[in-house]
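These notes concern the structure reproduced below.
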Amino acid sequence: MKAVVFPGQGAQRKGMGVELFERYPRLVEQADAMLGYSLLDLCTDGADRLIDTRYTQPALFVTGYLGYLDHEHRHGAPAMLAGHSIGEFVALAAAGALDFIDALRLVDRRARIMAAIRDGAMAAVIGPDRDQVEALIARIGIAGLEIANENSPTQTIVAGLSAEIDAFVERCREAGTRAVRLRVSGAFHSRHMRPAAAEFAQALRETPFQPPRIPVVANVTARPHDAQIADVMAAHLYSPVRWMQSVHAMLDAGVTEFVEIGPAPVLAPMIEEIRAGWRPSAAPVAITHWPEFAPPPLSGPHATLAATLYALYRQPAPGVADWAALWSRGAGIAGWPPLEPAATPRALRRQIRQALETLIPAAASAQHADPSSHLHGRHP
């Protein structure tokens, strides 16, 4: 069982896609007309522009989509699709959820909106796992940092303001942890992208989506897309890329072969590392994660508590008294987090999220027994 995957920003290379542009001239002409510039010129002579988000994302989308057409013509359609960050739009277009030009128009709009959000940065932490990186952020005490990408067991991406990322990288160096500042223009997949997401949501609402012909695993949920593609792709801008969990989901679904279509093998090493530590899951993968624009998918005795916790979680500065009152209602639940009433707002939100994630496994068995259910299909 085969899955085709598409890399995101950072995979671009000078000269990428040239042979594909020659093979699919009509589609390239349509893309050039929509974008207002030559993709061939961009990918061969536009080295400075090719690292600019405004141009990188459309170029990666077109070369990825044409690469997929070429692969499908030669080898047939895969059983599943997925993409990392902007690569997810390639996957959606390849699955028929979006028309090629509609998808490119969205990607172009997304790139321009994202590029307009300034004073953001990202850093890759190499070695520690996600939980260890969270603990490192808390220990260092830079409150504005967030986990942006969960790429593999030993690679986690952190996003924040430029000065925060610089300080974080320096503190990591002092602590003996390897952290590398990435060459990106913003704090992608973090709360700093919420203004961009609000603007991009309008473009998504104006775009017709079709049910994917091939399952596409979403970065936000690490589960196949359902009817709420537009909502998920708006949240995609400020939600973490859960790549490791997405690969787990494909492996659990029976995928045995991964084919990466892109300018460079960026995802393949991650997938190899993820696969080495993967163990089959008895329940739907990533059920402990949910897109933060919607309540977690719970029903039953804890649904009301989950809904109230979720409302508190959504507050920028949740109240200590409110959290303490809700904490007492779940104190008898196995795995319930300890109460830390003197914590900062960031730490309080982390406790509340832990409480929500403690409640969710109770719904996992019900969803596993009903394969037709989807992540968004059951709200309290």
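A note on labels: chains of the structure tokens are A, B, ... as shown, every chain counts residues from 1, and ligands are counted from 1 in their shown order.
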
**Request:** Compile the contact shell of Ala230 (chain A) as a PyMOL selection string: residues with an atom at most 10 Å away, counting only C-alpha atoms, same-chain residues fewer than 3 positions apart removed.
**Result:** chain A and resi 200-209+225-227+233-236

**Request:** For Ala59 (chain A), list every protein, DNA or RNA residue within 10 Å, evaluated using only C-alpha atoms, and leave out those in the same chain fewer than 3 positions away; present the list as a ChimeraX atom specification.
**Result:** /A:9,12,16-17,31,39-40,42-43,50,53-56,62-65,104,107-108

**Selected residue of minimal separation from Met244 (chain A) among A:Leu267, A:Val232, A:Leu136, A:Ala143, counting only C-alpha atoms** = A:Leu267

**Request:** Measuring atom to atom with only C-alpha atoms, identify which of A:Asp99, A:Arg49, A:Leu309, A:Ala222 is nearest to Ser328 (chain A).
**Result:**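 Between A:Asp99, A:Arg49, A:Leu309, A:Ala222, the residue approaching Ser328 (chain A) most closely is A:Leu309.
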
**Request:** Take CA of Arg130 (chain A) and CA of Gln155 (chain A) and report the distance between them in Å, one decimal.
**Result:**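 Separation of CA of Arg130 (chain A) and CA of Gln155 (chain A): 7.9 Å.
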
**Request:** Please give the complete set of residues from region 156-325 of chain A that DSSP, run on the backbone, assigns to strand (DSSP E or B), formatted as a PyMOL selection string.
**Result:** chain A and resi 156-161+178-181+216-217+224+241+257-260

**Request:** For each of A:Arg112, A:Asp166, A:Ile261, A:Ile274, take the minimum atom-to-atom distance to Ala197 (chain A), counting only C-alpha atoms, then give the residue where this is smallest.
**Result:**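 Of the candidates, the smallest distance to Ala197 (chain A) is held by A:Arg112.
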
**Request:** Work out how far CA of Glu199 (chain A) is from CA of Gly120 (chain A), in Å to one decimal.
**Result:**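 For CA of Gly120 (chain A) relative to CA of Glu199 (chain A), the distance reads 18.0 Å.
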
**Item:** Selected residue of minimal separation from Met1 (chain A) among A:Arg181, A:Val259, A:Val216, A:Ile352, counting only C-alpha atoms
**Value:** A:Val259

**Asked** So which bits of region 186-267 of chain A end up helix (DSSP H, G or I) when you DSSP the backbone, as a PyMOL selection string?
**Response** chain A and resi 191-205+229-235+243-252+267

Would you put the residues from that selection into a file with C-alpha atoms, as a compact mmCIF listing (two decimals), in the first residue's frame?
```txt
# COMPACT_ATOMS: atom_id res chain seq x y z
CA ARG A 191 -0.59 32.05 17.02
CA HIS A 192 1.29 34.84 15.24
CA MET A 193 -0.40 33.61 12.06
CA ARG A 194 -3.95 34.06 13.38
CA PRO A 195 -4.42 37.44 11.63
CA ALA A 196 -3.33 35.79 8.38
CA ALA A 197 -5.71 32.88 9.00
CA ALA A 198 -8.66 35.22 9.48
CA GLU A 199 -7.96 36.84 6.11
CA PHE A 200 -7.23 33.54 4.37
CA ALA A 201 -10.47 32.00 5.66
CA GLN A 202 -12.45 34.32 3.39
CA ALA A 203 -10.58 33.07 0.32
CA LEU A 204 -11.21 29.49 1.40
CA ARG A 205 -14.94 30.15 1.81
CA ILE A 229 -11.55 21.07 4.58
CA ALA A 230 -11.87 24.87 4.42
CA ASP A 231 -12.01 25.22 8.21
CA VAL A 232 -9.05 22.91 8.70
CA MET A 233 -6.94 24.70 6.08
CA ALA A 234 -7.64 28.07 7.71
CA ALA A 235 -6.50 26.66 11.07
CA TRP A 243 3.90 15.34 10.68
CA MET A 244 5.05 12.54 12.96
CA GLN A 245 1.46 11.72 13.93
CA SER A 246 0.40 11.94 10.27
CA VAL A 247 2.98 9.33 9.30
CA HIS A 248 1.78 7.17 12.21
CA ALA A 249 -1.77 7.45 10.85
CA MET A 250 -0.67 6.28 7.40
CA LEU A 251 1.34 3.42 8.83
CA ASP A 252 -1.63 2.36 10.97
CA LEU A 267 10.55 14.13 4.18
```

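Of note, CA of Gln315 (chain A) and CA of Leu161 (chain A) are spaced 21.0 Å apart.
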
**Asked** Of the residues A:Val158, A:Val320, A:Ala3, A:Leu312, which is the one nearest to Thr344 (chain A), using only C-alpha atoms?
**Response**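 So, comparing all the options, the nearest one is A:Val320.
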
**Asked** Excluding same-chain residues fewer than 3 positions from Gly319 (chain A), what lies within 10 Å of it counting only C-alpha atoms, as a list in words?
**Response** Leu312, Tyr313, Gln315, Pro316, Asp322, Trp323, Ala324, Pro341, Pro345, Leu348 and Arg349 of chain A

Pull C-alpha atoms from the residues just selected and write them as an mmCIF file, in the first residue's frame.
```cif
data_model
loop_
_atom_site.group_PDB
_atom_site.id
_atom_site.type_symbol
_atom_site.label_atom_id
_atom_site.label_comp_id
_atom_site.auth_asym_id
_atom_site.auth_seq_id
_atom_site.Cartn_x
_atom_site.Cartn_y
_atom_site.Cartn_z
ATOM 1 C CA LEU A 312 -11.683 28.195 29.271
ATOM 2 C CA TYR A 313 -8.769 26.963 27.139
ATOM 3 C CA GLN A 315 -9.369 32.370 26.699
ATOM 4 C CA PRO A 316 -6.058 34.246 26.291
ATOM 5 C CA ASP A 322 -12.154 28.946 37.021
ATOM 6 C CA TRP A 323 -9.498 26.317 36.359
ATOM 7 C CA ALA A 324 -9.483 25.205 39.999
ATOM 8 C CA PRO A 341 -3.020 27.316 40.704
ATOM 9 C CA PRO A 345 -1.437 31.930 32.015
ATOM 10 C CA LEU A 348 -2.517 27.212 33.055
ATOM 11 C CA ARG A 349 -3.478 26.704 29.422
#
```

**From A:Ala103, A:Arg173, A:Ala321, A:Val4, residue lying nearest Gly76 (chain A) [only C-alpha atoms]** = A:Val4
